[in-house]
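Asks: Contents of work_4.cif (mmCIF, C-alpha atoms) are given next:
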data_start
#
loop_
_atom_site.label_atom_id
_atom_site.label_comp_id
_atom_site.auth_asym_id
_atom_site.auth_seq_id
_atom_site.Cartn_x
_atom_site.Cartn_y
_atom_site.Cartn_z
CA MET F 291 71.19 151.20 82.86
CA ASN F 292 73.73 148.67 84.08
CA LEU F 293 77.24 149.39 82.87
CA PRO F 294 79.58 146.42 82.44
CA LEU F 295 82.54 146.31 84.76
CA PRO F 296 85.62 147.26 82.73
CA PHE F 297 87.70 144.39 84.10
CA THR F 298 86.34 140.99 85.03
CA ARG F 299 87.76 137.51 85.30
CA GLY F 300 87.07 135.32 82.31
CA ARG F 301 87.95 131.74 81.61
CA ASP F 302 91.05 132.70 79.61
CA GLY F 303 92.15 135.80 81.46
CA VAL F 304 91.03 139.27 82.44
CA VAL F 305 88.26 140.54 80.18
CA VAL F 306 88.43 144.19 79.16
CA GLU F 307 85.14 145.86 78.27
CA PHE F 308 84.59 149.62 78.24
CA VAL F 309 81.56 151.54 77.04
CA GLU F 310 82.09 154.13 74.33
CA TYR F 311 82.37 157.14 76.62
CA GLU F 312 84.97 155.38 78.76
CA ARG F 313 86.97 154.38 75.68
CA ASP F 314 86.95 158.00 74.52
CA VAL F 315 88.22 159.28 77.88
CA LEU F 316 90.90 156.61 78.10
CA THR F 317 92.03 157.22 74.53
CA ALA F 318 92.41 160.93 75.24
CA LEU F 319 94.32 160.28 78.47
CA ILE F 320 96.73 157.95 76.69
CA ARG F 321 97.25 160.46 73.90
CA ASP F 322 98.03 163.17 76.45
CA LEU F 323 100.43 160.85 78.25
CA ARG F 324 102.28 160.02 75.02
CA ASP F 325 102.75 163.73 74.36
CA LEU F 326 103.93 164.31 77.92
CA LEU F 327 106.44 161.46 77.85
CA MET F 328 108.13 163.12 74.89
CA ILE F 329 108.96 166.18 77.01
CA ASP F 330 112.10 165.41 78.95
CA ASP F 331 112.14 166.71 82.55
CA HIS F 332 108.55 167.90 82.52
CA PRO F 333 107.52 168.59 86.15
CA ALA F 334 104.45 166.38 85.74
CA LEU F 335 106.74 163.41 85.11
CA ARG F 336 108.59 163.83 88.37
CA ARG F 337 106.40 161.29 90.07
CA VAL F 338 107.02 158.58 87.45
CA LYS F 339 110.79 159.13 87.47
CA PRO F 340 111.62 159.17 91.17
CA PRO F 341 115.28 159.16 92.22
CA ALA F 342 116.87 155.81 93.03
CA ARG F 343 119.86 157.28 94.86
CA PRO F 344 118.73 160.58 96.39
CA ASP F 345 121.72 160.44 98.75
CA ASP F 346 124.32 160.43 95.97
CA ALA F 347 124.02 162.78 92.99
CA GLU F 348 126.76 161.05 91.00
CA ALA F 349 125.29 157.58 91.56
CA GLU F 350 121.85 158.92 90.66
CA ALA F 351 123.19 160.38 87.41
CA GLY F 352 124.76 157.02 86.60
CA TYR F 353 121.53 155.20 87.34
CA ARG F 354 119.48 157.59 85.21
CA ALA F 355 121.94 157.20 82.30
CA MET F 356 121.58 153.44 82.63
CA VAL F 357 117.77 153.16 82.78
CA ASP F 358 115.98 156.23 81.42
CA ASP F 359 115.93 155.15 77.77
CA ASP F 360 114.68 151.67 78.67
CA LEU F 361 112.07 153.10 81.03
CA LEU F 362 110.75 155.43 78.35
CA ARG F 363 110.75 152.85 75.59
CA GLY F 364 109.01 150.37 77.85
CA ARG F 365 106.29 152.88 78.70
CA PHE F 366 105.49 153.53 75.06
CA GLU F 367 105.31 149.79 74.45
CA LEU F 368 102.88 149.40 77.34
CA LEU F 369 100.66 152.15 75.94
CA ASP F 370 100.67 150.37 72.57
CA VAL F 371 99.28 147.25 74.25
CA VAL F 372 96.57 149.26 76.00
CA GLU F 373 95.52 151.04 72.83
CA GLU F 374 95.30 147.72 70.99
CA GLY F 375 92.90 146.40 73.61
CA ILE F 376 90.69 149.42 74.28
CA GLU F 377 87.88 148.16 72.04
CA GLY F 378 87.75 144.98 74.09
CA THR F 379 90.08 142.07 74.67
CA VAL F 380 91.15 139.31 77.03
CA LEU F 381 94.40 139.97 78.83
CA ASP F 382 97.16 137.50 79.48
CA GLU F 383 99.78 138.17 82.17
CA ALA F 384 101.73 140.58 79.96
CA GLY F 385 98.54 142.37 79.01
CA VAL F 386 97.54 142.76 82.65
CA ALA F 387 100.95 144.24 83.42
CA ALA F 388 100.67 146.69 80.52
CA TRP F 389 97.22 147.88 81.55
CA MET F 390 98.06 148.05 85.24
CA GLN F 391 101.27 150.00 84.78
CA SER F 392 99.74 152.33 82.21
CA LEU F 393 96.62 153.15 84.22
CA ASN F 394 98.76 153.69 87.30
CA MET F 395 101.15 155.92 85.38
CA ILE F 396 98.33 158.17 84.20
CA ARG F 397 96.87 158.23 87.69
CA LEU F 398 100.22 159.15 89.24
CA ILE F 399 100.57 162.09 86.88
CA LEU F 400 97.04 163.32 87.56
CA GLY F 401 97.62 162.89 91.27
CA GLU F 402 100.88 164.81 91.10
CA ARG F 403 99.08 167.59 89.28
CA LEU F 404 96.42 167.76 91.99
CA SER F 405 99.12 167.79 94.69
CA GLN F 406 100.92 170.63 92.96
CA GLU F 407 97.66 172.58 93.13
CA GLY F 408 97.78 172.20 96.89
CA ILE F 409 95.21 169.44 97.18
CA ASP F 410 95.63 166.89 99.94
CA LEU F 411 95.07 163.56 98.18
CA GLU F 412 94.58 161.73 101.44
CA SER F 413 91.50 163.77 102.32
CA ASP F 414 88.19 162.19 101.49
CA VAL F 415 86.80 164.92 99.27
CA LEU F 416 88.52 166.03 96.09
CA PRO F 417 87.42 169.22 94.35
CA ALA F 418 85.05 168.96 91.42
CA GLY F 419 86.70 169.05 88.03
CA PRO F 420 87.94 166.83 85.20
CA VAL F 421 91.38 166.12 86.67
CA ALA F 422 90.02 164.96 90.03
CA SER F 423 87.19 162.97 88.48
CA ARG F 424 89.56 161.16 86.11
CA TYR F 425 91.97 160.56 88.99
CA GLU F 426 89.21 158.94 91.01
CA TRP F 427 87.92 156.95 88.04
CA LEU F 428 91.39 155.58 87.37
CA GLY F 429 91.60 154.54 91.02
CA LEU F 430 88.39 152.55 90.57
CA LEU F 431 89.69 150.99 87.35
CA LEU F 432 92.97 150.02 88.95
CA GLY F 433 91.22 148.48 91.93
CA LEU F 434 89.00 146.43 89.62
CA LEU F 435 91.96 145.29 87.55
CA VAL F 436 93.95 144.27 90.63
CA ALA F 437 90.96 142.30 91.91
CA ALA F 438 90.46 140.59 88.56
CA ALA F 439 94.15 139.72 88.16
CA GLU F 440 94.92 138.79 91.75
CA PRO F 441 93.82 135.14 91.49
CA ASP F 442 96.55 134.60 88.88
CA LEU F 443 99.32 135.48 91.32
CA PRO F 444 101.10 132.33 92.44
CA ASP F 445 100.92 131.34 96.06
CA SER F 446 104.45 131.51 97.28
CA GLU F 447 106.45 131.02 100.43
CA ASP F 448 107.51 134.08 102.40
CA GLN F 449 110.86 135.41 101.14
CA ASP F 450 112.66 136.03 104.41
CA MET R 6 151.36 115.92 89.74
CA THR R 7 148.70 118.25 88.38
CA ALA R 8 149.16 121.95 87.91
CA PRO R 9 147.23 124.13 90.35
CA SER R 10 143.93 125.37 88.95
CA THR R 11 143.47 129.05 88.47
CA VAL R 12 141.89 130.76 91.41
CA GLN R 13 139.67 133.67 90.55
CA GLU R 14 140.01 136.32 93.18
CA PRO R 15 136.69 137.96 94.05
CA GLU R 16 136.34 141.57 93.01
CA VAL R 17 136.61 144.04 95.85
CA GLU R 18 133.14 145.24 94.95
CA ASP R 19 131.75 141.70 95.29
CA LEU R 20 133.25 141.37 98.74
CA ASP R 21 131.81 144.70 99.74
CA ASP R 22 128.40 143.60 98.47
CA ILE R 23 128.59 140.49 100.63
CA ALA R 24 129.71 142.38 103.70
CA ARG R 25 127.30 145.26 103.11
CA PRO R 26 124.41 144.21 100.91
CA TRP R 27 122.23 146.77 99.20
CA LYS R 28 118.70 147.18 100.44
CA VAL R 29 115.77 148.37 98.39
CA LEU R 30 113.25 150.58 100.13
CA VAL R 31 109.76 151.50 99.04
CA TRP R 32 108.48 154.82 100.34
CA ASP R 33 104.96 155.89 101.16
CA ASP R 34 103.10 158.13 98.79
CA PRO R 35 99.53 159.45 98.83
CA ILE R 36 98.66 158.20 95.36
CA ASN R 37 99.38 154.50 94.94
CA LEU R 38 96.51 152.24 95.99
CA MET R 39 97.25 149.87 98.84
CA SER R 40 95.84 146.93 96.89
CA TYR R 41 98.07 147.83 93.96
CA VAL R 42 101.19 148.08 96.12
CA SER R 43 100.50 144.65 97.62
CA PHE R 44 99.93 143.23 94.16
CA VAL R 45 103.25 144.63 92.92
CA PHE R 46 105.13 143.18 95.90
CA ARG R 47 103.62 139.75 95.21
CA LYS R 48 104.25 139.94 91.50
CA LEU R 49 107.83 141.23 91.59
CA PHE R 50 109.16 139.39 94.63
CA GLY R 51 106.92 136.34 94.90
CA TYR R 52 105.79 137.26 98.39
CA SER R 53 102.74 135.62 99.87
CA ALA R 54 99.61 137.72 100.20
CA GLU R 55 100.24 138.03 103.92
CA LYS R 56 103.87 139.12 103.56
CA ALA R 57 103.01 141.59 100.81
CA GLU R 58 100.24 143.11 102.93
CA GLN R 59 102.57 143.34 105.92
CA LEU R 60 105.17 145.21 103.86
CA MET R 61 102.53 147.44 102.30
CA LEU R 62 101.15 148.37 105.72
CA GLN R 63 104.66 149.05 106.96
CA VAL R 64 105.16 151.44 104.05
CA HIS R 65 101.81 153.06 104.80
CA HIS R 66 102.23 153.43 108.57
CA GLU R 67 105.99 153.86 108.97
CA GLY R 68 106.70 155.68 105.74
CA LYS R 69 108.97 153.05 104.22
CA ALA R 70 109.86 149.35 104.17
CA VAL R 71 112.79 147.25 102.97
CA VAL R 72 111.43 144.97 100.25
CA SER R 73 114.62 143.26 99.12
CA SER R 74 118.30 143.04 99.91
CA GLY R 75 121.33 141.75 98.01
CA PRO R 76 124.09 142.65 95.56
CA ARG R 77 124.06 146.08 93.95
CA GLU R 78 123.10 144.85 90.49
CA ARG R 79 120.06 143.05 91.84
CA ALA R 80 119.06 146.09 93.89
CA GLU R 81 119.31 148.27 90.78
CA MET R 82 117.08 145.83 88.88
CA ASP R 83 114.56 145.73 91.73
CA VAL R 84 114.44 149.54 91.89
CA PHE R 85 114.00 149.71 88.13
CA ARG R 86 111.11 147.23 88.20
CA LEU R 87 109.46 149.06 91.08
CA HIS R 88 109.81 152.35 89.21
CA GLU R 89 108.28 150.69 86.14
CA HIS R 90 105.26 149.97 88.33
CA GLY R 91 105.13 153.51 89.64
CA LEU R 92 106.34 152.86 93.16
CA TRP R 93 108.79 155.22 94.81
CA ALA R 94 111.83 153.05 95.47
CA THR R 95 115.39 153.84 96.44
CA MET R 96 118.48 151.77 97.23
CA GLU R 97 121.17 152.16 99.84
CA GLN R 98 123.99 150.10 101.20
CA GLU R 99 123.61 148.65 104.69
#
Any chance you could put this one into structure tokens?
Replies:
Amino acid sequence: MNLPLPFTRGRDGVVVEFVEYERDVLTALIRDLRDLLMIDDHPALRRVKPPARPDDAEAEAGYRAMVDDDLLRGRFELLDVVEEGIEGTVLDEAGVAAWMQSLNMIRLILGERLSQEGIDLESDVLPAGPVASRYEWLGLLLGLLVAAAEPDLPDSEDQD
Amino acid sequence: MTAPSTVQEPEVEDLDDIARPWKVLVWDDPINLMSYVSFVFRKLFGYSAEKAEQLMLQVHHEGKAVVSSGPRERAEMDVFRLHEHGLWATMEQE
């Protein structure tokens, strides 16, 4: 049985097409992420809220006060876009950004969880289990999405 | 004879920003895909594919790379956008 690639380049943008099982897994992951985002200072979120000013606690507190609400609100908005397109859609630039950032966010959290269990993510073999398999699957998805979206990036001069 | 125009004195902070711009660093991590990091550098900063790959490899091999430099407000915005994309970014004054 040939499964369709989830992300491919179409004439009007990046085409999203998941089979039912994949949609179910993704829907569950997004639901779990929404629940997690509601818990302030959860250890699993450490990786998606890294410090901007680790050298200066006061500056870091100021930065967090300035951005955390916007960061959180933006993440929920991105997940809304993903959920709207899970049954199949064609992504414009904003849609690509929403999917890319959302998939990466979920993957970061799963990866952080594996790291906290003492797993070396840079080794070739991850242990069997749902967290590792979803982590690897999301890596494949992200790679496919980057490849599908990359031709839309403008050629630009080096910014030196 | 015309009256002298008002001269706006630059803020001390502005002068400090010019003398010591803020640099934005991206740090290596074992999770983010290399292709994704390059994509983000191209998307956020308009770098060419070659420049983005060079910076990404610098992050990967040396542990960090400076991806932008400028006034504090711009550095804060760059860090915020990089964090939105899941990259580990920090800012510091040169």
Asks: Would you pick out the contacts of Asp34 (chain R) at 10 Å or less, using only C-alpha atoms, so that residues sharing its chain but fewer than 2 positions from it are not included, and give the list as a short mmCIF file (atom, residue, chain, number, x, y, z; two decimals) with C-alpha atoms, in the frame of the given file?
Replies:
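The result, written out as part24.cif:
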data_model
loop_
_atom_site.label_atom_id
_atom_site.label_comp_id
_atom_site.auth_asym_id
_atom_site.auth_seq_id
_atom_site.Cartn_x
_atom_site.Cartn_y
_atom_site.Cartn_z
CA ARG F 337 106.40 161.29 90.07
CA LEU F 411 95.07 163.56 98.18
CA GLU F 412 94.58 161.73 101.44
CA VAL R 31 109.76 151.50 99.04
CA TRP R 32 108.48 154.82 100.34
CA ILE R 36 98.66 158.20 95.36
CA ASN R 37 99.38 154.50 94.94
CA LEU R 38 96.51 152.24 95.99
CA VAL R 64 105.16 151.44 104.05
CA HIS R 65 101.81 153.06 104.80
CA GLY R 68 106.70 155.68 105.74
CA LYS R 69 108.97 153.05 104.22
CA LEU R 92 106.34 152.86 93.16
CA TRP R 93 108.79 155.22 94.81
#
Asks: How far is it from CA of Asp325 (chain F) to CA of Ser405 (chain F), in Å with one decimal?
Replies: 21.0 Å
Asks: Should the cut-off be 9 Å, what would the residue list for chain F against chain R look like, counting all atoms listed in the file, as a PDB file with C-alpha atoms, in the frame of the given file?
Replies:
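Below is the file that was written, result_31.pdb:
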ATOM      1  CA  ARG F 337     106.400 161.290  90.070  1.00  0.00           C
ATOM      2  CA  VAL F 338     107.020 158.580  87.450  1.00  0.00           C
ATOM      3  CA  LYS F 339     110.790 159.130  87.470  1.00  0.00           C
ATOM      4  CA  PRO F 340     111.620 159.170  91.170  1.00  0.00           C
ATOM      5  CA  PRO F 341     115.280 159.160  92.220  1.00  0.00           C
ATOM      6  CA  ALA F 342     116.870 155.810  93.030  1.00  0.00           C
ATOM      7  CA  ARG F 343     119.860 157.280  94.860  1.00  0.00           C
ATOM      8  CA  PRO F 344     118.730 160.580  96.390  1.00  0.00           C
ATOM      9  CA  ASP F 345     121.720 160.440  98.750  1.00  0.00           C
ATOM     10  CA  TYR F 353     121.530 155.200  87.340  1.00  0.00           C
ATOM     11  CA  VAL F 357     117.770 153.160  82.780  1.00  0.00           C
ATOM     12  CA  LEU F 361     112.070 153.100  81.030  1.00  0.00           C
ATOM     13  CA  GLY F 364     109.010 150.370  77.850  1.00  0.00           C
ATOM     14  CA  ARG F 365     106.290 152.880  78.700  1.00  0.00           C
ATOM     15  CA  ALA F 387     100.950 144.240  83.420  1.00  0.00           C
ATOM     16  CA  MET F 390      98.060 148.050  85.240  1.00  0.00           C
ATOM     17  CA  GLN F 391     101.270 150.000  84.780  1.00  0.00           C
ATOM     18  CA  SER F 392      99.740 152.330  82.210  1.00  0.00           C
ATOM     19  CA  ASN F 394      98.760 153.690  87.300  1.00  0.00           C
ATOM     20  CA  MET F 395     101.150 155.920  85.380  1.00  0.00           C
ATOM     21  CA  ARG F 397      96.870 158.230  87.690  1.00  0.00           C
ATOM     22  CA  LEU F 398     100.220 159.150  89.240  1.00  0.00           C
ATOM     23  CA  GLY F 401      97.620 162.890  91.270  1.00  0.00           C
ATOM     24  CA  GLU F 402     100.880 164.810  91.100  1.00  0.00           C
ATOM     25  CA  ASP F 410      95.630 166.890  99.940  1.00  0.00           C
ATOM     26  CA  LEU F 411      95.070 163.560  98.180  1.00  0.00           C
ATOM     27  CA  GLU F 412      94.580 161.730 101.440  1.00  0.00           C
ATOM     28  CA  GLY F 429      91.600 154.540  91.020  1.00  0.00           C
ATOM     29  CA  LEU F 432      92.970 150.020  88.950  1.00  0.00           C
ATOM     30  CA  GLY F 433      91.220 148.480  91.930  1.00  0.00           C
ATOM     31  CA  VAL F 436      93.950 144.270  90.630  1.00  0.00           C
ATOM     32  CA  ALA F 437      90.960 142.300  91.910  1.00  0.00           C
ATOM     33  CA  GLU F 440      94.920 138.790  91.750  1.00  0.00           C
ATOM     34  CA  LEU F 443      99.320 135.480  91.320  1.00  0.00           C
ATOM     35  CA  PRO F 444     101.100 132.330  92.440  1.00  0.00           C
ATOM     36  CA  ASP F 445     100.920 131.340  96.060  1.00  0.00           C
ATOM     37  CA  SER F 446     104.450 131.510  97.280  1.00  0.00           C
ATOM     38  CA  GLU F 447     106.450 131.020 100.430  1.00  0.00           C
ATOM     39  CA  ASP F 448     107.510 134.080 102.400  1.00  0.00           C
ATOM     40  CA  GLN F 449     110.860 135.410 101.140  1.00  0.00           C
TER      41      GLN F 449
END
Asks: Can you measure CA of Ile399 (chain F) to CA of Ala334 (chain F) for me? One decimal in Å is fine.
Replies: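 We find that CA of Ile399 (chain F) and CA of Ala334 (chain F) lie 5.9 Å from each other.
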Asks: To one decimal place, how far is CA of Gln59 (chain R) from CA of Val304 (chain F) in Å?
Replies: 26.5 Å
Asks: Mind checking which residues fall within 12 Å of Pro420 (chain F), counting all atoms listed in the file, ignoring those fewer than 5 positions away in the same chain, and posting them as a list of chain:residue names?
Replies: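 Contacts, in chain order: F:Val315, F:Leu319, F:Leu400, F:Arg403, F:Leu404, F:Tyr425, F:Glu426, F:Trp427, F:Leu428.
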Asks: Just C-alpha atoms for this one: save the residues we selected as a PDB file, in the frame of the given file.
Replies:
ATOM      1  CA  VAL F 315      88.220 159.280  77.880  1.00  0.00           C
ATOM      2  CA  LEU F 319      94.320 160.280  78.470  1.00  0.00           C
ATOM      3  CA  LEU F 400      97.040 163.320  87.560  1.00  0.00           C
ATOM      4  CA  ARG F 403      99.080 167.590  89.280  1.00  0.00           C
ATOM      5  CA  LEU F 404      96.420 167.760  91.990  1.00  0.00           C
ATOM      6  CA  TYR F 425      91.970 160.560  88.990  1.00  0.00           C
ATOM      7  CA  GLU F 426      89.210 158.940  91.010  1.00  0.00           C
ATOM      8  CA  TRP F 427      87.920 156.950  88.040  1.00  0.00           C
ATOM      9  CA  LEU F 428      91.390 155.580  87.370  1.00  0.00           C
TER      10      LEU F 428
END
Asks: To verify the selection step, state as a list in words which residues the PyMOL selection byres ((chain F and resi 383) around 9) yields on this input.
Replies: Gly303, Val304, Leu381, Asp382, Ala384, Gly385, Val386, Ala387, Ala388, Ala439 and Asp442 of chain F
